[in-house]
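This is input30.pdb (PDB, C-alpha atoms, pLDDT in the B column).
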ATOM      1  CA  MET A 795     -57.779  67.397  72.305  1.00 46.00           C
ATOM      2  CA  ALA A 796     -56.726  69.438  69.280  1.00 60.00           C
ATOM      3  CA  GLU A 797     -57.707  67.950  65.952  1.00 73.00           C
ATOM      4  CA  SER A 798     -54.890  66.659  63.778  1.00 85.00           C
ATOM      5  CA  SER A 799     -54.050  68.553  60.617  1.00 84.00           C
ATOM      6  CA  ALA A 800     -55.234  65.538  58.611  1.00 86.00           C
ATOM      7  CA  GLU A 801     -58.785  66.131  59.849  1.00 90.00           C
ATOM      8  CA  ILE A 802     -58.927  69.807  58.910  1.00 95.00           C
ATOM      9  CA  THR A 803     -60.157  69.899  55.328  1.00 95.00           C
ATOM     10  CA  PHE A 804     -61.674  72.329  52.875  1.00 96.00           C
ATOM     11  CA  LYS A 805     -65.436  71.970  52.593  1.00 96.00           C
ATOM     12  CA  LYS A 806     -66.477  70.555  49.259  1.00 95.00           C
ATOM     13  CA  GLU A 807     -68.968  73.404  48.745  1.00 96.00           C
ATOM     14  CA  THR A 808     -66.165  75.917  49.179  1.00 97.00           C
ATOM     15  CA  VAL A 809     -63.860  74.086  46.764  1.00 97.00           C
ATOM     16  CA  SER A 810     -66.625  73.720  44.195  1.00 97.00           C
ATOM     17  CA  LYS A 811     -67.641  77.400  44.359  1.00 96.00           C
ATOM     18  CA  LEU A 812     -64.021  78.500  44.388  1.00 96.00           C
ATOM     19  CA  LEU A 813     -63.128  76.610  41.202  1.00 97.00           C
ATOM     20  CA  SER A 814     -66.366  77.653  39.475  1.00 97.00           C
ATOM     21  CA  SER A 815     -65.659  81.308  40.204  1.00 95.00           C
ATOM     22  CA  PHE A 816     -62.428  81.088  38.200  1.00 96.00           C
ATOM     23  CA  PHE A 817     -63.783  79.248  35.165  1.00 97.00           C
ATOM     24  CA  LYS A 818     -63.908  81.290  31.976  1.00 96.00           C
ATOM     25  CA  ASP A 819     -66.919  79.382  30.610  1.00 96.00           C
ATOM     26  CA  GLU A 820     -69.985  79.330  32.827  1.00 93.00           C
ATOM     27  CA  LYS A 821     -70.955  75.933  31.401  1.00 95.00           C
ATOM     28  CA  THR A 822     -67.895  74.288  32.962  1.00 97.00           C
ATOM     29  CA  LYS A 823     -68.774  72.145  35.996  1.00 96.00           C
ATOM     30  CA  VAL A 824     -66.772  69.974  38.375  1.00 97.00           C
ATOM     31  CA  GLY A 825     -67.655  66.327  39.061  1.00 97.00           C
ATOM     32  CA  ALA A 826     -68.257  65.309  42.706  1.00 96.00           C
ATOM     33  CA  ASP A 827     -65.179  63.095  42.936  1.00 97.00           C
ATOM     34  CA  ALA A 828     -63.061  65.745  41.241  1.00 98.00           C
ATOM     35  CA  VAL A 829     -64.141  68.238  43.916  1.00 98.00           C
ATOM     36  CA  LEU A 830     -63.057  65.842  46.666  1.00 97.00           C
ATOM     37  CA  LEU A 831     -59.732  65.266  44.965  1.00 97.00           C
ATOM     38  CA  MET A 832     -59.149  69.017  44.522  1.00 98.00           C
ATOM     39  CA  ALA A 833     -59.852  69.476  48.235  1.00 97.00           C
ATOM     40  CA  GLU A 834     -56.979  67.046  48.821  1.00 97.00           C
ATOM     41  CA  MET A 835     -54.761  69.013  46.413  1.00 97.00           C
ATOM     42  CA  LEU A 836     -55.424  72.226  48.296  1.00 98.00           C
ATOM     43  CA  HIS A 837     -54.846  70.490  51.616  1.00 97.00           C
ATOM     44  CA  VAL A 838     -51.423  69.319  50.412  1.00 97.00           C
ATOM     45  CA  PHE A 839     -50.659  72.768  49.038  1.00 97.00           C
ATOM     46  CA  VAL A 840     -51.304  74.456  52.379  1.00 97.00           C
ATOM     47  CA  GLN A 841     -49.457  71.706  54.263  1.00 97.00           C
ATOM     48  CA  GLU A 842     -46.405  72.120  52.015  1.00 97.00           C
ATOM     49  CA  ALA A 843     -46.487  75.881  52.362  1.00 97.00           C
ATOM     50  CA  ALA A 844     -46.712  75.598  56.151  1.00 97.00           C
ATOM     51  CA  GLN A 845     -44.112  72.871  56.576  1.00 97.00           C
ATOM     52  CA  ARG A 846     -41.562  74.468  54.249  1.00 97.00           C
ATOM     53  CA  THR A 847     -41.998  77.762  56.099  1.00 97.00           C
ATOM     54  CA  ILE A 848     -41.368  75.964  59.400  1.00 97.00           C
ATOM     55  CA  LYS A 849     -38.203  74.333  58.004  1.00 96.00           C
ATOM     56  CA  GLN A 850     -36.978  77.719  56.813  1.00 97.00           C
ATOM     57  CA  ALA A 851     -37.600  79.270  60.243  1.00 96.00           C
ATOM     58  CA  GLU A 852     -35.832  76.354  61.925  1.00 95.00           C
ATOM     59  CA  ALA A 853     -32.872  76.696  59.548  1.00 96.00           C
ATOM     60  CA  GLU A 854     -32.605  80.313  60.652  1.00 95.00           C
ATOM     61  CA  ASP A 855     -32.985  79.407  64.326  1.00 94.00           C
ATOM     62  CA  CYS A 856     -36.250  81.293  64.750  1.00 93.00           C
ATOM     63  CA  ASP A 857     -39.022  80.318  67.143  1.00 90.00           C
ATOM     64  CA  ARG A 858     -41.762  81.904  65.128  1.00 92.00           C
ATOM     65  CA  MET A 859     -42.664  81.771  61.469  1.00 94.00           C
ATOM     66  CA  ASP A 860     -42.482  85.208  59.928  1.00 94.00           C
ATOM     67  CA  ILE A 861     -43.259  86.540  56.492  1.00 96.00           C
ATOM     68  CA  GLU A 862     -39.609  86.436  55.317  1.00 96.00           C
ATOM     69  CA  HIS A 863     -39.486  82.682  55.925  1.00 96.00           C
ATOM     70  CA  PHE A 864     -42.584  82.221  53.788  1.00 97.00           C
ATOM     71  CA  GLU A 865     -41.258  84.534  51.091  1.00 97.00           C
ATOM     72  CA  LYS A 866     -38.068  82.521  50.828  1.00 97.00           C
ATOM     73  CA  ILE A 867     -39.850  79.225  50.186  1.00 98.00           C
ATOM     74  CA  LEU A 868     -42.587  80.653  47.970  1.00 98.00           C
ATOM     75  CA  PRO A 869     -40.806  80.490  44.568  1.00 97.00           C
ATOM     76  CA  GLN A 870     -39.944  76.789  44.858  1.00 95.00           C
ATOM     77  CA  LEU A 871     -43.414  76.007  46.223  1.00 96.00           C
ATOM     78  CA  LEU A 872     -45.055  77.531  43.163  1.00 95.00           C
ATOM     79  CA  LEU A 873     -42.641  75.751  40.818  1.00 92.00           C
ATOM     80  CA  ASP A 874     -43.359  72.414  42.483  1.00 92.00           C
ATOM     81  CA  PHE A 875     -47.074  72.787  41.953  1.00 92.00           C
TER      82      PHE A 875
ATOM     83  CA  MET B 574     -80.767 111.700  59.083  1.00 54.00           C
ATOM     84  CA  LEU B 575     -78.134 110.676  56.538  1.00 50.00           C
ATOM     85  CA  SER B 576     -75.714 113.428  55.565  1.00 53.00           C
ATOM     86  CA  THR B 577     -73.929 113.159  52.210  1.00 53.00           C
ATOM     87  CA  THR B 578     -70.557 112.406  53.818  1.00 54.00           C
ATOM     88  CA  SER B 579     -71.898 109.597  55.942  1.00 54.00           C
ATOM     89  CA  CYS B 580     -73.745 108.247  52.903  1.00 52.00           C
ATOM     90  CA  LEU B 581     -70.511 108.025  50.940  1.00 54.00           C
ATOM     91  CA  ALA B 582     -68.738 106.426  53.899  1.00 55.00           C
ATOM     92  CA  ASN B 583     -71.584 104.010  54.605  1.00 53.00           C
ATOM     93  CA  VAL B 584     -71.336 100.938  52.346  1.00 55.00           C
ATOM     94  CA  ASN B 585     -74.946  99.984  53.031  1.00 56.00           C
ATOM     95  CA  CYS B 586     -76.257 103.356  51.966  1.00 54.00           C
ATOM     96  CA  ARG B 587     -79.820 103.039  50.736  1.00 56.00           C
ATOM     97  CA  GLU B 588     -79.170 105.447  47.871  1.00 60.00           C
ATOM     98  CA  LYS B 589     -76.758 102.991  46.189  1.00 65.00           C
ATOM     99  CA  MET B 590     -78.351 100.115  44.270  1.00 72.00           C
ATOM    100  CA  PRO B 591     -76.390  96.851  44.565  1.00 72.00           C
ATOM    101  CA  THR B 592     -74.927  96.109  41.157  1.00 82.00           C
ATOM    102  CA  ALA B 593     -74.086  92.681  39.773  1.00 79.00           C
ATOM    103  CA  MET B 594     -70.407  93.585  40.255  1.00 82.00           C
ATOM    104  CA  ASP B 595     -70.919  94.170  43.989  1.00 87.00           C
ATOM    105  CA  GLU B 596     -72.608  90.797  44.316  1.00 88.00           C
ATOM    106  CA  GLU B 597     -69.684  89.146  42.515  1.00 86.00           C
ATOM    107  CA  GLU B 598     -67.226  91.015  44.709  1.00 90.00           C
ATOM    108  CA  ARG B 599     -69.048  90.015  47.900  1.00 92.00           C
ATOM    109  CA  LYS B 600     -69.138  86.389  46.756  1.00 91.00           C
ATOM    110  CA  LEU B 601     -65.387  86.477  46.127  1.00 93.00           C
ATOM    111  CA  GLN B 602     -64.760  88.000  49.550  1.00 95.00           C
ATOM    112  CA  ARG B 603     -66.812  85.254  51.203  1.00 95.00           C
ATOM    113  CA  LEU B 604     -64.793  82.607  49.365  1.00 96.00           C
ATOM    114  CA  LYS B 605     -61.521  84.267  50.375  1.00 96.00           C
ATOM    115  CA  ALA B 606     -62.713  84.338  53.974  1.00 97.00           C
ATOM    116  CA  ALA B 607     -63.647  80.650  53.846  1.00 97.00           C
ATOM    117  CA  VAL B 608     -60.194  79.779  52.481  1.00 97.00           C
ATOM    118  CA  HIS B 609     -58.526  81.970  55.108  1.00 98.00           C
ATOM    119  CA  TYR B 610     -60.468  80.222  57.868  1.00 97.00           C
ATOM    120  CA  THR B 611     -59.401  76.704  56.894  1.00 97.00           C
ATOM    121  CA  VAL B 612     -55.828  77.786  56.138  1.00 97.00           C
ATOM    122  CA  GLY B 613     -55.642  79.401  59.571  1.00 97.00           C
ATOM    123  CA  ARG B 614     -56.825  76.250  61.338  1.00 97.00           C
ATOM    124  CA  LEU B 615     -54.457  74.059  59.321  1.00 97.00           C
ATOM    125  CA  CYS B 616     -51.461  76.287  60.000  1.00 96.00           C
ATOM    126  CA  GLN B 617     -52.299  76.447  63.691  1.00 95.00           C
ATOM    127  CA  SER B 618     -52.493  72.654  63.880  1.00 96.00           C
ATOM    128  CA  ILE B 619     -49.247  72.121  61.978  1.00 96.00           C
ATOM    129  CA  GLY B 620     -47.549  74.804  64.064  1.00 95.00           C
ATOM    130  CA  GLU B 621     -48.664  73.062  67.266  1.00 94.00           C
ATOM    131  CA  ASP B 622     -47.105  69.817  66.000  1.00 93.00           C
ATOM    132  CA  HIS B 623     -43.771  71.638  65.812  1.00 93.00           C
ATOM    133  CA  GLN B 624     -44.360  73.765  68.916  1.00 93.00           C
ATOM    134  CA  LYS B 625     -44.027  76.929  66.862  1.00 93.00           C
ATOM    135  CA  GLU B 626     -46.402  79.688  65.933  1.00 93.00           C
ATOM    136  CA  PHE B 627     -47.333  81.230  62.610  1.00 95.00           C
ATOM    137  CA  SER B 628     -47.602  84.986  62.537  1.00 95.00           C
ATOM    138  CA  ARG B 629     -50.952  86.317  61.344  1.00 95.00           C
ATOM    139  CA  GLN B 630     -49.191  87.877  58.397  1.00 96.00           C
ATOM    140  CA  VAL B 631     -47.863  84.499  57.258  1.00 97.00           C
ATOM    141  CA  ILE B 632     -51.262  82.835  57.559  1.00 97.00           C
ATOM    142  CA  ALA B 633     -52.799  85.643  55.513  1.00 98.00           C
ATOM    143  CA  ALA B 634     -50.037  85.267  52.910  1.00 98.00           C
ATOM    144  CA  ILE B 635     -50.516  81.487  52.679  1.00 98.00           C
ATOM    145  CA  ALA B 636     -54.276  81.982  52.376  1.00 98.00           C
ATOM    146  CA  GLU B 637     -53.847  84.550  49.604  1.00 97.00           C
ATOM    147  CA  THR B 638     -51.372  82.315  47.777  1.00 98.00           C
ATOM    148  CA  THR B 639     -53.725  79.332  48.059  1.00 98.00           C
ATOM    149  CA  PHE B 640     -56.561  81.441  46.693  1.00 97.00           C
ATOM    150  CA  ARG B 641     -54.477  82.519  43.710  1.00 96.00           C
ATOM    151  CA  GLN B 642     -53.235  78.972  43.141  1.00 97.00           C
ATOM    152  CA  CYS B 643     -56.888  77.932  42.820  1.00 97.00           C
ATOM    153  CA  ASP B 644     -57.186  80.300  39.894  1.00 97.00           C
ATOM    154  CA  ILE B 645     -54.296  78.514  38.176  1.00 97.00           C
ATOM    155  CA  PHE B 646     -55.742  75.083  39.014  1.00 97.00           C
ATOM    156  CA  ALA B 647     -59.201  76.082  37.785  1.00 98.00           C
ATOM    157  CA  LYS B 648     -57.925  77.435  34.469  1.00 97.00           C
ATOM    158  CA  ASP B 649     -55.860  74.267  33.931  1.00 97.00           C
ATOM    159  CA  LEU B 650     -58.789  72.002  34.848  1.00 98.00           C
ATOM    160  CA  GLU B 651     -61.072  73.865  32.486  1.00 98.00           C
ATOM    161  CA  ALA B 652     -58.519  73.598  29.660  1.00 98.00           C
ATOM    162  CA  PHE B 653     -57.995  69.853  30.232  1.00 98.00           C
ATOM    163  CA  ALA B 654     -61.737  69.142  30.276  1.00 98.00           C
ATOM    164  CA  ARG B 655     -62.270  71.230  27.170  1.00 97.00           C
ATOM    165  CA  HIS B 656     -59.381  69.439  25.435  1.00 97.00           C
ATOM    166  CA  ALA B 657     -61.178  66.154  26.141  1.00 97.00           C
ATOM    167  CA  LYS B 658     -64.378  67.726  24.751  1.00 97.00           C
ATOM    168  CA  ARG B 659     -66.112  67.631  28.129  1.00 97.00           C
ATOM    169  CA  SER B 660     -67.842  70.386  30.062  1.00 96.00           C
ATOM    170  CA  THR B 661     -67.483  68.611  33.404  1.00 97.00           C
ATOM    171  CA  VAL B 662     -64.080  68.475  35.073  1.00 98.00           C
ATOM    172  CA  SER B 663     -63.192  64.878  35.949  1.00 97.00           C
ATOM    173  CA  VAL B 664     -60.801  63.064  38.288  1.00 97.00           C
ATOM    174  CA  GLU B 665     -58.444  62.531  35.333  1.00 97.00           C
ATOM    175  CA  ASP B 666     -58.206  66.301  34.866  1.00 98.00           C
ATOM    176  CA  VAL B 667     -57.300  66.730  38.541  1.00 98.00           C
ATOM    177  CA  LYS B 668     -54.600  64.079  38.239  1.00 97.00           C
ATOM    178  CA  LEU B 669     -53.070  66.045  35.370  1.00 97.00           C
ATOM    179  CA  THR B 670     -52.703  69.154  37.534  1.00 96.00           C
ATOM    180  CA  ALA B 671     -50.558  67.068  39.905  1.00 95.00           C
ATOM    181  CA  ARG B 672     -48.165  66.000  37.139  1.00 94.00           C
ATOM    182  CA  ARG B 673     -45.242  68.282  38.050  1.00 92.00           C
ATOM    183  CA  SER B 674     -44.136  66.351  41.120  1.00 92.00           C
ATOM    184  CA  THR B 675     -43.921  62.540  41.207  1.00 94.00           C
ATOM    185  CA  ALA B 676     -44.614  62.447  44.946  1.00 94.00           C
ATOM    186  CA  LEU B 677     -47.672  64.645  44.490  1.00 95.00           C
ATOM    187  CA  ALA B 678     -48.891  62.607  41.513  1.00 96.00           C
ATOM    188  CA  ASN B 679     -48.581  59.377  43.521  1.00 97.00           C
ATOM    189  CA  PHE B 680     -50.357  60.928  46.501  1.00 96.00           C
ATOM    190  CA  ILE B 681     -53.246  62.126  44.340  1.00 97.00           C
ATOM    191  CA  GLN B 682     -53.439  58.716  42.658  1.00 97.00           C
ATOM    192  CA  ARG B 683     -53.786  57.028  46.073  1.00 97.00           C
ATOM    193  CA  LYS B 684     -56.444  59.536  47.151  1.00 96.00           C
ATOM    194  CA  SER B 685     -58.437  59.000  43.963  1.00 96.00           C
ATOM    195  CA  GLU B 686     -58.379  55.241  44.617  1.00 96.00           C
ATOM    196  CA  GLU B 687     -59.605  55.824  48.192  1.00 96.00           C
ATOM    197  CA  ILE B 688     -62.463  57.955  46.896  1.00 95.00           C
ATOM    198  CA  ALA B 689     -63.359  55.357  44.264  1.00 94.00           C
ATOM    199  CA  SER B 690     -63.424  52.502  46.799  1.00 95.00           C
ATOM    200  CA  ALA B 691     -65.470  54.613  49.239  1.00 94.00           C
ATOM    201  CA  ASN B 692     -68.004  55.133  46.434  1.00 92.00           C
ATOM    202  CA  GLN B 693     -68.090  51.398  45.731  1.00 93.00           C
ATOM    203  CA  GLU B 694     -68.700  50.654  49.417  1.00 93.00           C
ATOM    204  CA  GLN B 695     -71.590  53.126  49.422  1.00 92.00           C
ATOM    205  CA  ARG B 696     -73.104  51.483  46.347  1.00 91.00           C
ATOM    206  CA  ASP B 697     -72.757  48.007  47.899  1.00 92.00           C
ATOM    207  CA  THR B 698     -74.374  49.174  51.151  1.00 92.00           C
ATOM    208  CA  ARG B 699     -77.292  50.700  49.233  1.00 92.00           C
ATOM    209  CA  LYS B 700     -77.753  47.496  47.235  1.00 91.00           C
ATOM    210  CA  LYS B 701     -77.854  45.449  50.451  1.00 91.00           C
ATOM    211  CA  ILE B 702     -80.474  47.727  51.986  1.00 91.00           C
ATOM    212  CA  ALA B 703     -82.552  47.678  48.790  1.00 89.00           C
ATOM    213  CA  GLY B 704     -82.223  43.877  48.639  1.00 88.00           C
ATOM    214  CA  LYS B 705     -83.429  43.432  52.229  1.00 86.00           C
ATOM    215  CA  ARG B 706     -86.444  45.644  51.544  1.00 84.00           C
ATOM    216  CA  LYS B 707     -87.380  43.609  48.474  1.00 80.00           C
ATOM    217  CA  ASN B 708     -87.199  40.342  50.418  1.00 80.00           C
ATOM    218  CA  THR B 709     -89.445  41.606  53.218  1.00 78.00           C
ATOM    219  CA  GLU B 710     -91.949  42.874  50.664  1.00 73.00           C
ATOM    220  CA  MET B 711     -92.132  39.596  48.791  1.00 68.00           C
ATOM    221  CA  VAL B 712     -93.101  37.646  51.925  1.00 60.00           C
TER     222      VAL B 712
END
Here is the file; what I need is its structure written in the form of structure tokens.
Amino acid sequence: MAESSAEITFKKETVSKLLSSFFKDEKTKVGADAVLLMAEMLHVFVQEAAQRTIKQAEAEDCDRMDIEHFEKILPQLLLDF
Amino acid sequence: MLSTTSCLANVNCREKMPTAMDEEERKLQRLKAAVHYTVGRLCQSIGEDHQKEFSRQVIAAIAETTFRQCDIFAKDLEAFARHAKRSTVSVEDVKLTARRSTALANFIQRKSEEIASANQEQRDTRKKIAGKRKNTEMV
């Protein structure tokens, strides 16, 4: 049985290392709960990107999501986040 | 025997000492790959729900966008923590990054409450176990 999209999450080690790699000050750390919450943020971000792309493809009567569908929804996605 | 041309083409050439930059670059590539992996699985699952398929190009684009969005999130989080004179990013900082959309802000608020209550449950369970141990020892 395929796992539901709700069960597929970013590993907290990945999220923690990812955020740390972008910090300007090496002393900046991320609290454990904050890491978990950021994993949720990223999960929502990817879900939104995917679902909006699907809607765009459906609006254009396409069976498959292609790059142009993603490109069309990208500006609003970035503005909403 | 290594010829000069194959040495230049070969990334693992023994002549080249790994610099700190290479290590940083490799670390970044590993992180990108980790993001790409989870994004791919998520997209596949969501696509299956709608009986549609994501092209590999789209998955790569979503992964790249997510990676770059992390940069924006991280810089914001760091700025918020610093503004509050902290060096550790907190849950409150994360909530601030979700401020642009009411639906998102509410969702993140609910998730933070779930995390907080899960922590409380863990603490209560540990207390119970510690309490039981104490009682058996006192006998």
When the cut-off is 6 Å and we count only C-alpha atoms, which residues of chain B are near chain A, given as a compact mmCIF listing (two decimals) with C-alpha atoms, in the coordinates of the input?
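Saved file part_12.txt follows:
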# COMPACT_ATOMS: atom_id res chain seq x y z
CA LEU B 615 -54.46 74.06 59.32
CA SER B 618 -52.49 72.65 63.88
CA LYS B 625 -44.03 76.93 66.86
CA GLU B 626 -46.40 79.69 65.93
CA PHE B 627 -47.33 81.23 62.61
CA SER B 628 -47.60 84.99 62.54
CA VAL B 631 -47.86 84.50 57.26
CA ASP B 644 -57.19 80.30 39.89
CA ALA B 647 -59.20 76.08 37.78
CA SER B 660 -67.84 70.39 30.06
CA THR B 661 -67.48 68.61 33.40
CA VAL B 662 -64.08 68.47 35.07
CA SER B 663 -63.19 64.88 35.95
CA VAL B 664 -60.80 63.06 38.29
Record the distance separating CA of Cys616 in chain B and CA of Glu637 in chain B, expressed in Å with one decimal.
->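 According to the coordinates, CA of Cys616 in chain B and CA of Glu637 in chain B are separated by 13.5 Å.
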Could you please determine the separation between CA of Ile688 in chain B and CA of Lys806 in chain A in Å, to one decimal place?
-> 13.4 Å
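What separates CA of His656 in chain B from CA of Glu807 in chain A is a distance of 25.5 Å.
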Name the residues that the PyMOL selection byres ((chain B and resi 665) around 10) pulls out of this structure, and write them as a list in words.
->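 Output from the PyMOL selection byres ((chain B and resi 665) around 10), applied to this file: Ala828 of chain A; Leu650, Phe653, Ala654, Val662, Ser663, Val664, Asp666, Val667, Lys668, Leu669, Thr670, Gln682 and Ser685 of chain B.
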Counting only C-alpha atoms, which residues of range 639-678 of chain B fall within 10 Å of range 596-612 of chain B, and what is the closest atom pair for each with its distance in Å at one decimal, ordered by chain and rising number, as a tab-separated table?
residue	atom	partner	partner_atom	distance
B:Thr639	CA	B:Val608	CA	7.8
B:Phe640	CA	B:Lys605	CA	6.8
B:Arg641	CA	B:Lys605	CA	9.9
